[in-house]
Structures are given as C-alpha cells and as structure tokens.
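Okay, input_27.pdb is below, PDB, C-alpha atoms:
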```
ATOM      1  CA  MET A1260       4.735 -11.579   6.647
ATOM      2  CA  ARG A1261       7.376 -10.412   4.200
ATOM      3  CA  ILE A1262       7.503  -6.951   2.637
ATOM      4  CA  VAL A1263       9.402  -6.621  -0.638
ATOM      5  CA  GLU A1264      10.368  -3.240  -2.046
ATOM      6  CA  GLU A1265      11.452  -4.577  -5.451
ATOM      7  CA  ILE A1266       8.494  -5.954  -7.378
ATOM      8  CA  PRO A1267       9.032  -9.448  -8.809
ATOM      9  CA  GLU A1268       8.961  -9.348 -12.608
ATOM     10  CA  ALA A1269       6.149 -11.914 -12.746
ATOM     11  CA  LEU A1270       3.890  -9.605 -10.705
ATOM     12  CA  ALA A1271       4.738  -6.329 -12.439
ATOM     13  CA  PRO A1272       1.735  -6.278 -14.842
ATOM     14  CA  GLU A1273      -0.881  -6.964 -12.164
ATOM     15  CA  VAL A1274       0.793  -4.642  -9.635
ATOM     16  CA  GLY A1275       0.745  -1.893 -12.270
ATOM     17  CA  ALA A1276      -2.936  -2.563 -13.010
ATOM     18  CA  ALA A1277      -3.764  -2.547  -9.284
ATOM     19  CA  LEU A1278      -1.887   0.721  -8.718
ATOM     20  CA  ALA A1279      -3.669   2.385 -11.653
ATOM     21  CA  TRP A1280      -7.045   1.143 -10.373
ATOM     22  CA  ILE A1281      -6.416   2.384  -6.813
ATOM     23  CA  ASN A1282      -5.254   5.806  -8.051
ATOM     24  CA  ALA A1283      -8.335   6.125 -10.290
ATOM     25  CA  GLU A1284     -10.713   4.987  -7.524
ATOM     26  CA  GLN A1285      -9.256   7.332  -4.908
ATOM     27  CA  GLY A1286      -8.270  10.214  -7.169
ATOM     28  CA  ARG A1287      -4.695  10.133  -5.876
ATOM     29  CA  ARG A1288      -1.181   9.699  -7.235
ATOM     30  CA  PHE A1289       0.134   6.913  -5.031
ATOM     31  CA  ALA A1290       3.610   5.566  -5.651
ATOM     32  CA  LEU A1291       4.308   1.924  -4.915
ATOM     33  CA  THR A1292       6.783   1.389  -2.072
ATOM     34  CA  GLY A1293       6.321  -2.330  -1.422
ATOM     35  CA  VAL A1294       4.376  -5.561  -1.865
ATOM     36  CA  VAL A1295       3.401  -7.818   1.047
ATOM     37  CA  ASP A1296       4.071 -11.549   0.612
ATOM     38  CA  PRO A1297       4.501 -11.479  -3.181
ATOM     39  CA  GLU A1298       5.207 -15.206  -3.312
ATOM     40  CA  VAL A1299       1.542 -15.899  -2.434
ATOM     41  CA  ALA A1300       0.378 -13.968  -5.502
ATOM     42  CA  GLU A1301       3.050 -15.570  -7.706
ATOM     43  CA  ARG A1302       1.823 -19.055  -6.799
ATOM     44  CA  SER A1303      -1.760 -18.279  -7.829
ATOM     45  CA  ASP A1304      -1.169 -19.561 -11.411
ATOM     46  CA  GLY A1305      -3.780 -17.343 -13.053
ATOM     47  CA  LYS A1306      -6.416 -17.802 -10.350
ATOM     48  CA  PRO A1307      -8.040 -14.838  -8.540
ATOM     49  CA  HIS A1308      -5.995 -13.789  -5.523
ATOM     50  CA  ASP A1309      -5.467 -10.938  -3.074
ATOM     51  CA  LEU A1310      -2.579  -8.554  -3.538
ATOM     52  CA  THR A1311      -1.414  -6.249  -0.743
ATOM     53  CA  LEU A1312       0.449  -3.073  -1.716
ATOM     54  CA  ILE A1313       2.182  -0.426   0.376
ATOM     55  CA  LEU A1314       1.590   2.961  -1.245
ATOM     56  CA  CYS A1315       2.668   6.535  -0.495
ATOM     57  CA  ASP A1316       1.422   9.896  -1.763
ATOM     58  CA  GLY A1317       3.354  12.720  -0.135
ATOM     59  CA  ASP A1318       2.907  12.413   3.636
ATOM     60  CA  LEU A1319       0.254   9.707   3.347
ATOM     61  CA  CYS A1320       1.341   6.058   3.321
ATOM     62  CA  VAL A1321      -1.286   3.309   3.273
ATOM     63  CA  ARG A1322      -1.702  -0.405   2.864
ATOM     64  CA  GLU A1323      -4.198  -1.354   0.171
ATOM     65  CA  GLN A1324      -5.438  -4.861  -0.461
ATOM     66  CA  VAL A1325      -7.105  -5.642  -3.771
ATOM     67  CA  ARG A1326      -8.534  -8.720  -5.456
ATOM     68  CA  VAL A1327      -6.885  -9.511  -8.796
ATOM     69  CA  ARG A1328      -8.619 -11.653 -11.413
ATOM     70  CA  PRO A1329      -6.927 -12.376 -14.739
ATOM     71  CA  GLY A1330      -9.222 -11.269 -17.548
ATOM     72  CA  ARG A1331      -9.198 -10.788 -21.278
ATOM     73  CA  GLY A1332      -6.348  -8.518 -22.207
ATOM     74  CA  GLY A1333      -5.451  -7.636 -18.621
ATOM     75  CA  PHE A1334      -6.630  -7.872 -15.047
ATOM     76  CA  GLU A1335      -9.882  -7.169 -13.250
ATOM     77  CA  ILE A1336      -9.174  -5.346  -9.988
ATOM     78  CA  SER A1337     -11.622  -4.931  -7.096
ATOM     79  CA  SER A1338     -11.520  -4.208  -3.379
ATOM     80  CA  ALA A1339     -10.571  -7.141  -1.178
ATOM     81  CA  GLU A1340     -12.808  -7.933   1.784
ATOM     82  CA  ALA A1341      -9.947  -7.971   4.323
ATOM     83  CA  ALA A1342      -8.812  -4.460   3.373
ATOM     84  CA  GLY A1343     -10.735  -2.894   6.271
ATOM     85  CA  GLU A1344      -8.595  -4.611   8.915
ATOM     86  CA  ASP A1345      -5.949  -2.593  10.750
ATOM     87  CA  PRO A1346      -2.575  -3.224   9.149
ATOM     88  CA  PRO A1347       0.117  -4.697  11.376
ATOM     89  CA  ALA A1348       2.738  -2.278  12.714
ATOM     90  CA  GLU A1349       5.349  -3.867  10.425
ATOM     91  CA  LEU A1350       3.606  -2.153   7.504
ATOM     92  CA  ASP A1351       4.273   1.355   8.792
ATOM     93  CA  PRO A1352       6.204   3.562   6.357
ATOM     94  CA  LYS A1353       9.948   3.118   6.303
ATOM     95  CA  PRO A1354      12.046   5.521   8.376
ATOM     96  CA  GLY A1355      12.603   8.698   6.422
ATOM     97  CA  ALA A1356       9.344   8.517   4.454
ATOM     98  CA  ARG A1357       8.290  11.778   6.073
ATOM     99  CA  VAL A1358      11.675  13.481   6.293
ATOM    100  CA  GLY A1359      11.211  17.216   6.415
ATOM    101  CA  TRP A1360       7.495  17.033   7.216
ATOM    102  CA  LEU A1361       7.852  18.221  10.809
ATOM    103  CA  ASP A1362      10.106  21.140   9.839
ATOM    104  CA  ALA A1363       7.650  22.189   7.119
ATOM    105  CA  ALA A1364       4.688  21.926   9.508
ATOM    106  CA  LEU A1365       6.489  23.968  12.189
ATOM    107  CA  ALA A1366       7.293  26.639   9.611
ATOM    108  CA  LYS A1367       3.531  27.079   9.015
ATOM    109  CA  HIS A1368       2.268  26.798  12.614
ATOM    110  CA  ALA A1369       3.299  27.861  16.121
ATOM    111  CA  PHE A1370       3.222  24.225  17.296
ATOM    112  CA  VAL A1371       2.431  20.740  16.051
ATOM    113  CA  VAL A1372       0.768  17.920  17.975
ATOM    114  CA  LEU A1373       1.952  14.407  17.131
ATOM    115  CA  VAL A1374      -0.221  11.472  18.105
ATOM    116  CA  PHE A1375       1.329   8.016  18.091
ATOM    117  CA  TYR A1376      -0.966   5.011  18.132
ATOM    118  CA  ARG A1377       0.376   1.539  17.475
ATOM    119  CA  GLY A1378       2.856   2.825  14.999
ATOM    120  CA  PHE A1379       0.452   5.127  13.146
ATOM    121  CA  TRP A1380       1.037   8.880  13.094
TER     122      TRP A1380
END
```

Can I see the file as structure tokens?
Amino acid sequence: MRIVEEIPEALAPEVGAALAWINAEQGRRFALTGVVDPEVAERSDGKPHDLTLILCDGDLCVREQVRVRPGRGGFEISSAEAAGEDPPAELDPKPGARVGWLDAALAKHAFVVLVFYRGFW
C-alpha cells in the first residue's frame, strides 16, 4: 500500500469529483490529505474503479473509498463495497494533524481521556 499526498495530474478531475460527492453526502468540508495506491486508479483506462482517499475535517481524519465510473461530462461517484472495512494503521493521520487539539480540550475541561486502539484515537 502506498499513500501519496500529491495527487497525480491524471487523477485530479476524478479525485475532485469524489471529494465533492463525499462532502455533499456527509454534509462536511473534508480536505484531501492523500490518495491510496493512485497507480491502480491511473491504470483503469476509463473503466470503473475504486478510489481510496484520506480526508480531514478539523480533528476528524477518515479513509473513504468510492467507486468511480466515467460518465458523460464527468464522473459518477458511489460508495464502494469495501469501504466498511477497518483501515490499516498506516492510514492514520500524519503526525501533527491534531496539533493543539489536546491543549484546546484541556482548556475547556478539567481532564481529557484518550483512548488508543490500533492507531485510532
């Protein structure tokens, strides 16, 4: 598995369409922070394929997998079946993604409980 932070130019239109679709579906403002195995999507040559994105919105970082189908004038985006699987620990947010979160939480509360589970927190 390879995570790329810089989106390959060939994938930019479908990644943009997928990001817009996910934000509309979830009512969020995710920012793209990476693409998993972009070379698989690049080799699809216009065929439907899965695209895995790493997205962050404030303190929340998630892995979203969508199905991309080229269509008339753009792309058709839908949920991918494998999206319900637990993401591997390598897909956890980069160090520093939540810089300042703990200080801000402690400023609001007397204490904070952190739960670590297989890289998720």

TODO: Please identify all polymer residues lying at most 6 Å from the point (-7.8, -5.0, -0.6) (file coordinates), using only C-alpha atoms, and present the result as an NGL selection string.
DONE: :A and (1323-1325 or 1338-1339 or 1342)

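Among the candidates A:Ala1290, A:Ala1277, A:Ala1369, A:Ala1283, the one nearest to Arg1326 (chain A) when counting all atoms listed in the file is A:Ala1277.
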
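When the PyMOL selection byres ((chain A and resi 1316) around 12) is evaluated on the file shown here, the picked residues come out as A:Leu1278, A:Ile1281, A:Asn1282, A:Gln1285, A:Gly1286, A:Arg1287, A:Arg1288, A:Phe1289, A:Ala1290, A:Leu1291, A:Thr1292, A:Ile1313, A:Leu1314, A:Cys1315, A:Gly1317, A:Asp1318, A:Leu1319, A:Cys1320, A:Val1321, A:Arg1322, A:Pro1352, A:Ala1356, A:Arg1357.
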
Task: Contact residues around Val1327 (chain A) with all atoms listed in the file at 9 Å, ignoring same-chain residues under 2 positions, as an MDAnalysis selection string - done: chainID A and resid 1273 1277 1306:1310 1325 1329 1334:1339

C-alpha atoms of the current selection, written as a compact mmCIF listing (two decimals), keeping the file's coordinate frame:
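Output file again_8.txt is given in full below:
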```txt
# COMPACT_ATOMS: atom_id res chain seq x y z
CA GLU A 1273 -0.88 -6.96 -12.16
CA ALA A 1277 -3.76 -2.55 -9.28
CA LYS A 1306 -6.42 -17.80 -10.35
CA PRO A 1307 -8.04 -14.84 -8.54
CA HIS A 1308 -6.00 -13.79 -5.52
CA ASP A 1309 -5.47 -10.94 -3.07
CA LEU A 1310 -2.58 -8.55 -3.54
CA VAL A 1325 -7.10 -5.64 -3.77
CA PRO A 1329 -6.93 -12.38 -14.74
CA PHE A 1334 -6.63 -7.87 -15.05
CA GLU A 1335 -9.88 -7.17 -13.25
CA ILE A 1336 -9.17 -5.35 -9.99
CA SER A 1337 -11.62 -4.93 -7.10
CA SER A 1338 -11.52 -4.21 -3.38
CA ALA A 1339 -10.57 -7.14 -1.18
```

TODO: Would you please work out which residue, of A:Trp1360, A:Glu1284, A:Ala1279, A:Val1299, is nearest to Arg1261 (chain A) when using only C-alpha atoms?
DONE: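 Ranked by minimum distance to Arg1261 (chain A), first place goes to A:Val1299.
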
- [ ] Record the distance separating CA of Arg1331 (chain A) and CA of Val1295 (chain A), expressed in Å with one decimal.
- [x]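 Distance between the two atoms: 25.8 Å.
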
Open item on the list: So the first atom is CA of Val1372 (chain A) and the second is CA of Leu1312 (chain A); what is the distance between them in Å, to one decimal place?
Closed with: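 One can read the CA of Val1372 (chain A) to CA of Leu1312 (chain A) distance as 28.8 Å.
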